[in-house]
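Below is one structure; the comments refer to it alone.
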Amino acid sequence: MIEGTLVNLRPQEVSDAEWNARWWASADCKWFMGRRYDSSLSAAIEETREAAVPAAGSRDVWLAIETKDGVHIGNCGLSEVSPEDRRAKLSLSLAEPERRSKGFGTDVVRTLVRFGFEEMNLHRIELDVFEYNERAIACYRKCGFVEEARLRQARYARGVHHDTIVMALLRDQWREAR
Amino acid sequence: MIEGALVNLRPREMADVERNARWSADPELHWLLGDRYARSLAASEASMREIASKATAFDHVWLAIDTKDGVHIGNCRLFETSAEERKTKLGIWIGDEAYRSRGYGTDAVRAIVRFAFDEMNLNRVELGVFDYNTRAIACYLKCGFVEEGRRRQARYARGAYYDVVVMGVLRGELVVSR
């Protein structure tokens with residue numbers, strides 16, 4: 001388990017499948033996380049199992065976010081890990097109503113970033129976020145992430161194209177800011 | 001076959017395998033494209049078989065670049081194509097050194113991007129290129145790609161970190177003639 005101030009990050013378990021299926025089917029998850037199609041419970045079980053027991057050779061880290069009282073409020077991960085470039089991609093999703101409560105997202109990002117740099121020995125952590133997800137962008141900025149690129153019209157949803165923003169945090173800058 | 005002014009793009013064939021294996025062992029191409037580990041002929045054959053045995057389709061565009069005289073000089077492909085976002089990623093390399101800096105690459109980029117827009121009905125083609133690959137960057141700019149950002153220190157090679165330049169071209173931005 002990785003301990004933050006407000007949250008703990010623990011491995012995904014197969015028993016999280018129902019929670020995941022419910023979250024993935026929500027309008028919020030589709031809009032902010034880019035999911036489009038509902039998953040059957042069987043598909044959600046399969047996908048959750050892959051996160052819980054990664055295939056041999058996978059370096060992905062998929063975690064469930066729990067409050068200190070043990071309530072599952074979201075998921076996060078570091079994936080697409082490149083050991084040579086020493087970088088990984090951060091992902092984070094928080095379900096309502098905790099997303100609105102101050103501090104959970106920021107605590108997750110800080111905790112995960114610290115794990116990435118101090119335990120996985122990464123050099124760079126990056127992420128993609130849709131331009132209209134302003135709350136997330138503000139949270140990443142607060143944690144030190146810098147906007148590096150804007151992929152024009154890379155996202156399509158609700159009838160229109162939107163930009164995708166690439167943000168990243170380098171280890172040296174993170175260390176200096178602490 | 002997709003016809004350019006200087007090149008034709010055709011599906012990749014098993015007969016290309018030795019040339020591909022030779023290119024995939026070239027340190028200069030590793031430097032420019034990001035491969036690190038040389039492939040055995042057996043591994044090249046296995047991946048070639050996988051590529052060549054699948055019909056070219058919306059999500060499987062792997063093409064060989066031939067001069068008009070039928071000399072195989074390189075390869076290109078569209079990958080991570082999204083039907084909903086109507087976008088794809090472009091990868092291209094001129095394996096045969098004698099054909100670099102002579103307009104073949106630019107012609108191939110124009111031909112495959114035009115195909116992506118005019119036949120596949122895509123809206124966006126994107127790519128990543130290492131900051132030191134100035135020849136490629138100049139070629140993409142000439143074709144109408146826009147630098148959308150820079151993933152700082154995302155590439156490690158030859159003992160140092162380098163940026164990855166993210167470029168994209170939207171439908172209507174492709175520059176067809178010089």
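By order of appearance in the structure tokens: chains A, B, ..., then residues from 1 within every chain, and ligands from 1 in the order shown.
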With the cut-off set at 7 Å and counting only C-alpha atoms, tabulate each residue of chain B with an atom at most that distance from an atom of chain A, showing the nearest atom pair and its distance in Å to one decimal, ordered by chain and increasing number, as CSV.
residue,atom,partner,partner_atom,distance
B:Glu84,CA,A:Tyr156,CA,6.7
B:Glu85,CA,A:Tyr156,CA,5.0
B:Lys87,CA,A:Ala154,CA,6.9
B:Glu148,CA,A:Ala149,CA,5.4
B:Gly149,CA,A:Ala149,CA,3.8
B:Arg150,CA,A:Glu148,CA,5.6
B:Arg151,CA,A:Glu148,CA,6.0
B:Ala154,CA,A:Asp85,CA,6.3
B:Arg155,CA,A:Asp85,CA,5.5
B:Tyr156,CA,A:Asp85,CA,4.9
Prev. selection, N, CA and C atoms, output as a compact mmCIF listing (two decimals), in the first residue's frame:
# COMPACT_ATOMS: atom_id res chain seq x y z
N GLU B 84 -13.55 7.00 -33.89
CA GLU B 84 -14.41 8.05 -33.32
C GLU B 84 -13.74 9.42 -33.38
N GLU B 85 -12.44 9.44 -33.03
CA GLU B 85 -11.71 10.70 -33.05
C GLU B 85 -11.30 11.08 -34.47
N LYS B 87 -8.62 10.12 -36.08
CA LYS B 87 -7.22 10.53 -36.08
C LYS B 87 -6.34 9.28 -36.16
N GLU B 148 3.10 21.09 -32.30
CA GLU B 148 2.06 21.33 -31.29
C GLU B 148 2.63 21.38 -29.88
N GLY B 149 3.85 20.91 -29.74
CA GLY B 149 4.47 20.94 -28.43
C GLY B 149 5.70 20.07 -28.39
N ARG B 150 6.23 19.93 -27.18
CA ARG B 150 7.51 19.28 -27.02
C ARG B 150 7.47 18.48 -25.73
N ARG B 151 7.59 17.19 -25.83
CA ARG B 151 7.64 16.37 -24.60
C ARG B 151 9.09 16.37 -24.13
N ALA B 154 11.90 13.23 -23.10
CA ALA B 154 11.14 11.98 -23.15
C ALA B 154 11.92 10.87 -23.84
N ARG B 155 13.05 11.21 -24.43
CA ARG B 155 13.84 10.24 -25.17
C ARG B 155 15.24 10.16 -24.57
N TYR B 156 15.70 8.96 -24.31
CA TYR B 156 17.06 8.79 -23.81
C TYR B 156 17.83 7.93 -24.81
### Contacts of Leu33 of chain B within 8 Å, only C-alpha atoms, excl. fewer than 6 positions in-chain, as a ChimeraX atom specification
/B:93,129-130
Applying 12 Å and only C-alpha atoms, which residues near Asp66 of chain B remain after dropping the ones on its own chain fewer than 5 positions away? List them as a PDB file with C-alpha atoms, in the first residue's frame.
ATOM      1  CA  MET B   1      -1.265   0.901 -54.526  1.00  0.00           C
ATOM      2  CA  ILE B   2      -1.099   4.558 -53.499  1.00  0.00           C
ATOM      3  CA  GLU B   3       0.641   6.687 -56.097  1.00  0.00           C
ATOM      4  CA  GLY B   4       2.792   9.671 -55.231  1.00  0.00           C
ATOM      5  CA  ALA B   5       4.855  11.796 -57.601  1.00  0.00           C
ATOM      6  CA  LEU B   6       8.143   9.978 -56.896  1.00  0.00           C
ATOM      7  CA  VAL B   7       7.054   6.892 -55.003  1.00  0.00           C
ATOM      8  CA  ASN B   8       4.364   4.260 -54.828  1.00  0.00           C
ATOM      9  CA  LEU B   9       3.089   2.852 -51.542  1.00  0.00           C
ATOM     10  CA  ARG B  10       2.194  -0.832 -51.600  1.00  0.00           C
ATOM     11  CA  PRO B  11       1.384  -3.445 -48.955  1.00  0.00           C
ATOM     12  CA  ARG B  12       4.395  -5.018 -47.296  1.00  0.00           C
ATOM     13  CA  ASP B  16      10.845  -7.642 -48.036  1.00  0.00           C
ATOM     14  CA  VAL B  71      13.203  -0.098 -55.680  1.00  0.00           C
ATOM     15  CA  HIS B  72      12.063  -0.662 -52.092  1.00  0.00           C
ATOM     16  CA  ILE B  73      13.592   2.234 -50.104  1.00  0.00           C
ATOM     17  CA  GLY B  74      11.607   2.407 -46.864  1.00  0.00           C
ATOM     18  CA  ASN B  75       8.328   1.865 -45.064  1.00  0.00           C
ATOM     19  CA  CYS B  76       5.493   3.855 -43.582  1.00  0.00           C
ATOM     20  CA  ILE B  94      13.689   5.763 -45.522  1.00  0.00           C
ATOM     21  CA  GLY B  95      15.838   2.730 -44.781  1.00  0.00           C
ATOM     22  CA  ASP B  96      18.111   3.045 -47.781  1.00  0.00           C
ATOM     23  CA  TYR B  99      17.491   7.847 -50.987  1.00  0.00           C
ATOM     24  CA  TYR B 104      11.283  10.660 -51.550  1.00  0.00           C
ATOM     25  CA  GLY B 105      10.373  10.940 -47.879  1.00  0.00           C
ATOM     26  CA  ASP B 107       6.553  12.602 -51.331  1.00  0.00           C
ATOM     27  CA  ALA B 108       5.724   9.505 -49.278  1.00  0.00           C
TER      28      ALA B 108
END
Run DSSP on the backbone and tell me which residues of segment 27-171 of chain B come out as alpha helix (DSSP H); list them as an mmCIF file with N, CA and C atoms, in the first residue's frame.
data_model
loop_
_atom_site.group_PDB
_atom_site.id
_atom_site.type_symbol
_atom_site.label_atom_id
_atom_site.label_comp_id
_atom_site.auth_asym_id
_atom_site.auth_seq_id
_atom_site.Cartn_x
_atom_site.Cartn_y
_atom_site.Cartn_z
ATOM 1 N N PRO B 27 22.289 1.097 -36.726
ATOM 2 C CA PRO B 27 22.338 1.993 -35.553
ATOM 3 C C PRO B 27 21.822 3.400 -35.858
ATOM 4 N N GLU B 28 22.044 3.865 -37.067
ATOM 5 C CA GLU B 28 21.570 5.204 -37.429
ATOM 6 C C GLU B 28 20.030 5.242 -37.389
ATOM 7 N N LEU B 29 19.401 4.183 -37.876
ATOM 8 C CA LEU B 29 17.931 4.136 -37.837
ATOM 9 C C LEU B 29 17.424 3.992 -36.400
ATOM 10 N N HIS B 30 18.157 3.258 -35.581
ATOM 11 C CA HIS B 30 17.777 3.162 -34.162
ATOM 12 C C HIS B 30 17.754 4.547 -33.544
ATOM 13 N N TRP B 31 18.793 5.303 -33.832
ATOM 14 C CA TRP B 31 18.942 6.656 -33.300
ATOM 15 C C TRP B 31 17.782 7.533 -33.745
ATOM 16 N N LEU B 32 17.405 7.426 -35.026
ATOM 17 C CA LEU B 32 16.362 8.298 -35.560
ATOM 18 C C LEU B 32 14.951 7.844 -35.183
ATOM 19 N N LEU B 33 14.772 6.533 -35.015
ATOM 20 C CA LEU B 33 13.413 6.005 -34.842
ATOM 21 C C LEU B 33 13.103 5.549 -33.428
ATOM 22 N N LEU B 41 16.868 -12.226 -37.507
ATOM 23 C CA LEU B 41 16.126 -12.480 -38.740
ATOM 24 C C LEU B 41 14.827 -13.223 -38.411
ATOM 25 N N ALA B 42 14.913 -14.143 -37.435
ATOM 26 C CA ALA B 42 13.714 -14.909 -37.049
ATOM 27 C C ALA B 42 12.627 -13.989 -36.501
ATOM 28 N N ALA B 43 13.030 -13.020 -35.668
ATOM 29 C CA ALA B 43 12.042 -12.093 -35.099
ATOM 30 C C ALA B 43 11.477 -11.197 -36.199
ATOM 31 N N SER B 44 12.332 -10.787 -37.127
ATOM 32 C CA SER B 44 11.850 -9.975 -38.245
ATOM 33 C C SER B 44 10.851 -10.751 -39.085
ATOM 34 N N GLU B 45 11.152 -12.032 -39.306
ATOM 35 C CA GLU B 45 10.244 -12.870 -40.098
ATOM 36 C C GLU B 45 8.894 -12.993 -39.422
ATOM 37 N N ALA B 46 8.942 -13.217 -38.106
ATOM 38 C CA ALA B 46 7.692 -13.386 -37.368
ATOM 39 C C ALA B 46 6.843 -12.114 -37.456
ATOM 40 N N SER B 47 7.478 -10.949 -37.282
ATOM 41 C CA SER B 47 6.672 -9.726 -37.305
ATOM 42 C C SER B 47 6.221 -9.411 -38.732
ATOM 43 N N MET B 48 7.097 -9.716 -39.704
ATOM 44 C CA MET B 48 6.729 -9.504 -41.114
ATOM 45 C C MET B 48 5.529 -10.364 -41.486
ATOM 46 N N ARG B 49 5.527 -11.611 -40.996
ATOM 47 C CA ARG B 49 4.430 -12.520 -41.326
ATOM 48 C C ARG B 49 3.126 -11.962 -40.780
ATOM 49 N N GLU B 50 3.209 -11.431 -39.550
ATOM 50 C CA GLU B 50 2.017 -10.874 -38.923
ATOM 51 C C GLU B 50 1.500 -9.675 -39.718
ATOM 52 N N ILE B 51 2.430 -8.822 -40.151
ATOM 53 C CA ILE B 51 2.033 -7.621 -40.890
ATOM 54 C C ILE B 51 1.471 -7.993 -42.260
ATOM 55 N N ALA B 52 2.186 -8.893 -42.953
ATOM 56 C CA ALA B 52 1.830 -9.174 -44.353
ATOM 57 C C ALA B 52 0.603 -10.073 -44.473
ATOM 58 N N SER B 53 0.314 -10.855 -43.422
ATOM 59 C CA SER B 53 -0.788 -11.806 -43.560
ATOM 60 C C SER B 53 -2.139 -11.151 -43.292
ATOM 61 N N TYR B 104 12.117 11.868 -51.587
ATOM 62 C CA TYR B 104 11.283 10.660 -51.550
ATOM 63 C C TYR B 104 10.445 10.601 -50.277
ATOM 64 N N GLY B 105 11.084 10.958 -49.157
ATOM 65 C CA GLY B 105 10.373 10.940 -47.879
ATOM 66 C C GLY B 105 9.205 11.909 -47.885
ATOM 67 N N THR B 106 9.452 13.129 -48.345
ATOM 68 C CA THR B 106 8.397 14.143 -48.406
ATOM 69 C C THR B 106 7.250 13.670 -49.290
ATOM 70 N N ASP B 107 7.597 13.083 -50.417
ATOM 71 C CA ASP B 107 6.553 12.602 -51.331
ATOM 72 C C ASP B 107 5.736 11.487 -50.672
ATOM 73 N N ALA B 108 6.424 10.608 -49.947
ATOM 74 C CA ALA B 108 5.724 9.505 -49.278
ATOM 75 C C ALA B 108 4.808 10.042 -48.176
ATOM 76 N N VAL B 109 5.293 11.053 -47.421
ATOM 77 C CA VAL B 109 4.456 11.645 -46.363
ATOM 78 C C VAL B 109 3.197 12.242 -46.985
ATOM 79 N N ARG B 110 3.382 13.001 -48.063
ATOM 80 C CA ARG B 110 2.212 13.613 -48.711
ATOM 81 C C ARG B 110 1.236 12.548 -49.193
ATOM 82 N N ALA B 111 1.769 11.477 -49.772
ATOM 83 C CA ALA B 111 0.894 10.442 -50.342
ATOM 84 C C ALA B 111 0.092 9.740 -49.251
ATOM 85 N N ILE B 112 0.750 9.407 -48.139
ATOM 86 C CA ILE B 112 0.030 8.640 -47.115
ATOM 87 C C ILE B 112 -0.924 9.544 -46.332
ATOM 88 N N VAL B 113 -0.541 10.804 -46.118
ATOM 89 C CA VAL B 113 -1.437 11.711 -45.391
ATOM 90 C C VAL B 113 -2.655 12.047 -46.260
ATOM 91 N N ARG B 114 -2.417 12.228 -47.541
ATOM 92 C CA ARG B 114 -3.556 12.479 -48.442
ATOM 93 C C ARG B 114 -4.513 11.286 -48.426
ATOM 94 N N PHE B 115 -3.923 10.099 -48.418
ATOM 95 C CA PHE B 115 -4.750 8.886 -48.341
ATOM 96 C C PHE B 115 -5.571 8.884 -47.042
ATOM 97 N N ALA B 116 -4.918 9.271 -45.935
ATOM 98 C CA ALA B 116 -5.606 9.288 -44.639
ATOM 99 C C ALA B 116 -6.804 10.237 -44.666
ATOM 100 N N PHE B 117 -6.629 11.397 -45.300
ATOM 101 C CA PHE B 117 -7.719 12.377 -45.350
ATOM 102 C C PHE B 117 -8.755 12.027 -46.425
ATOM 103 N N ASP B 118 -8.275 11.752 -47.632
ATOM 104 C CA ASP B 118 -9.195 11.654 -48.773
ATOM 105 C C ASP B 118 -9.868 10.291 -48.904
ATOM 106 N N THR B 134 16.415 16.740 -37.408
ATOM 107 C CA THR B 134 16.003 17.994 -38.037
ATOM 108 C C THR B 134 15.563 17.795 -39.491
ATOM 109 N N ARG B 135 16.139 16.807 -40.155
ATOM 110 C CA ARG B 135 15.751 16.550 -41.540
ATOM 111 C C ARG B 135 14.270 16.140 -41.598
ATOM 112 N N ALA B 136 13.891 15.265 -40.681
ATOM 113 C CA ALA B 136 12.497 14.817 -40.664
ATOM 114 C C ALA B 136 11.570 15.982 -40.305
ATOM 115 N N ILE B 137 11.958 16.773 -39.309
ATOM 116 C CA ILE B 137 11.109 17.895 -38.883
ATOM 117 C C ILE B 137 10.886 18.866 -40.050
ATOM 118 N N ALA B 138 11.962 19.164 -40.793
ATOM 119 C CA ALA B 138 11.846 20.065 -41.945
ATOM 120 C C ALA B 138 10.872 19.483 -42.972
ATOM 121 N N CYS B 139 10.947 18.186 -43.165
ATOM 122 C CA CYS B 139 10.063 17.518 -44.129
ATOM 123 C C CYS B 139 8.602 17.640 -43.680
ATOM 124 N N TYR B 140 8.340 17.387 -42.392
ATOM 125 C CA TYR B 140 6.957 17.453 -41.899
ATOM 126 C C TYR B 140 6.416 18.878 -41.991
ATOM 127 N N LEU B 141 7.262 19.867 -41.658
ATOM 128 C CA LEU B 141 6.821 21.266 -41.741
ATOM 129 C C LEU B 141 6.433 21.614 -43.174
ATOM 130 N N LYS B 142 7.258 21.141 -44.104
ATOM 131 C CA LYS B 142 7.005 21.391 -45.527
ATOM 132 C C LYS B 142 5.657 20.817 -45.957
#
Nearby residues (only C-alpha atoms) at most 9 Å from Asp38 of chain A, same-chain spacing under 5 positions excluded, as a PDB file with N, CA and C atoms, in the first residue's frame:
ATOM      1  N   ALA A  21     -17.178  -1.325 -13.078  1.00  0.00           N
ATOM      2  CA  ALA A  21     -18.210  -1.366 -14.122  1.00  0.00           C
ATOM      3  C   ALA A  21     -19.185  -0.212 -13.933  1.00  0.00           C
ATOM      4  N   TRP A  24     -17.274   3.070 -14.836  1.00  0.00           N
ATOM      5  CA  TRP A  24     -17.028   3.181 -16.272  1.00  0.00           C
ATOM      6  C   TRP A  24     -18.292   3.495 -17.057  1.00  0.00           C
ATOM      7  N   ALA A  25     -19.436   3.069 -16.524  1.00  0.00           N
ATOM      8  CA  ALA A  25     -20.701   3.284 -17.232  1.00  0.00           C
ATOM      9  C   ALA A  25     -21.249   4.685 -17.001  1.00  0.00           C
ATOM     10  N   SER A  26     -20.650   5.429 -16.087  1.00  0.00           N
ATOM     11  CA  SER A  26     -21.195   6.745 -15.749  1.00  0.00           C
ATOM     12  C   SER A  26     -20.873   7.763 -16.847  1.00  0.00           C
TER      13      SER A  26
END
### Task
Within segment 73-173 of chain A, find each residue whose DSSP state, derived from the backbone, is strand (DSSP E), and express the selection as JSON, numbers by chain.
{"A": [73, 74, 75, 76, 77, 78, 79, 80, 81, 82, 87, 88, 89, 90, 91, 92, 93, 94, 124, 125, 126, 127, 128, 129, 130, 146, 147, 148, 149, 150, 151, 152, 153, 154, 155, 156, 157, 160, 161, 162, 163, 164, 165, 166, 167, 168, 169, 170]}
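Pairwise distance (atom CA of Met120 of chain A, atom CA of Ile2 of chain A) equals 12.7 Å.
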### Task
Show which residues sit within 9 Å of segment 68-71 of chain A, as a ChimeraX atom specification. Count only C-alpha atoms, and ignore same-chain residues fewer than 2 positions away.
/A:5-8,65-66,73
Emit the selected residues as a compact mmCIF listing (two decimals), in the first residue's frame, including N, CA, C and O atoms.
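Once everything was written out, this is result.txt:
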# COMPACT_ATOMS: atom_id res chain seq x y z
N THR A 5 -1.67 11.50 2.32
CA THR A 5 -2.17 12.19 3.52
C THR A 5 -3.65 11.91 3.73
O THR A 5 -4.09 11.66 4.85
N LEU A 6 -4.41 11.94 2.62
CA LEU A 6 -5.86 11.74 2.70
C LEU A 6 -6.29 10.38 2.16
O LEU A 6 -7.40 9.94 2.41
N VAL A 7 -5.43 9.77 1.37
CA VAL A 7 -5.81 8.52 0.68
C VAL A 7 -4.72 7.47 0.83
O VAL A 7 -3.57 7.80 1.14
N ASN A 8 -5.13 6.24 0.60
CA ASN A 8 -4.17 5.14 0.42
C ASN A 8 -4.37 4.59 -0.98
O ASN A 8 -5.49 4.55 -1.49
N ILE A 65 -7.90 3.80 -5.34
CA ILE A 65 -7.75 4.90 -4.38
C ILE A 65 -8.79 4.70 -3.27
O ILE A 65 -9.98 4.55 -3.55
N GLU A 66 -8.32 4.68 -2.04
CA GLU A 66 -9.24 4.55 -0.90
C GLU A 66 -9.05 5.72 0.05
O GLU A 66 -7.93 6.21 0.22
N ILE A 73 -12.74 5.20 -3.85
CA ILE A 73 -13.28 6.42 -4.49
C ILE A 73 -12.73 6.66 -5.89
O ILE A 73 -13.15 7.60 -6.56
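Across the model, the gap from atom CA of Ser101 of chain B to atom CA of Glu119 of chain B is 27.8 Å.
Distance check against His72 of chain A using only C-alpha atoms: of A:Ser40, A:Thr106, A:Ser91, A:Asn20, the minimum falls on A:Asn20.
Taking atom CA of Val108 of chain A and atom CA of Gly4 of chain A as endpoints, the distance between them is 6.9 Å.
Nearest residue to Pro97 of chain A, choosing from A:Asp60, A:Arg135, A:Gly74, A:Ala51 and counting only C-alpha atoms: A:Gly74.
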#### Entry: Which residue of A:Glu134, A:Cys29, A:Phe117, A:Glu46 approaches Ser93 of chain A most closely, using only C-alpha atoms
A:Cys29
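Among the candidates A:Glu118, A:Glu18, A:Glu13, A:Glu98, the residue lying nearest to Asp172 of chain A is A:Glu118 (atoms considered: only C-alpha atoms).
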### Query
What's the 8 Å shell around Val146 of chain B, counting only C-alpha atoms, without same-chain residues fewer than 6 positions away, as a ChimeraX atom specification?
/B:167-169
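Take the candidates B:Glu97, B:Asp69, B:Lys54, B:Arg124 and check each one against Ser82 of chain B using only C-alpha atoms; the shortest distance goes to B:Arg124.
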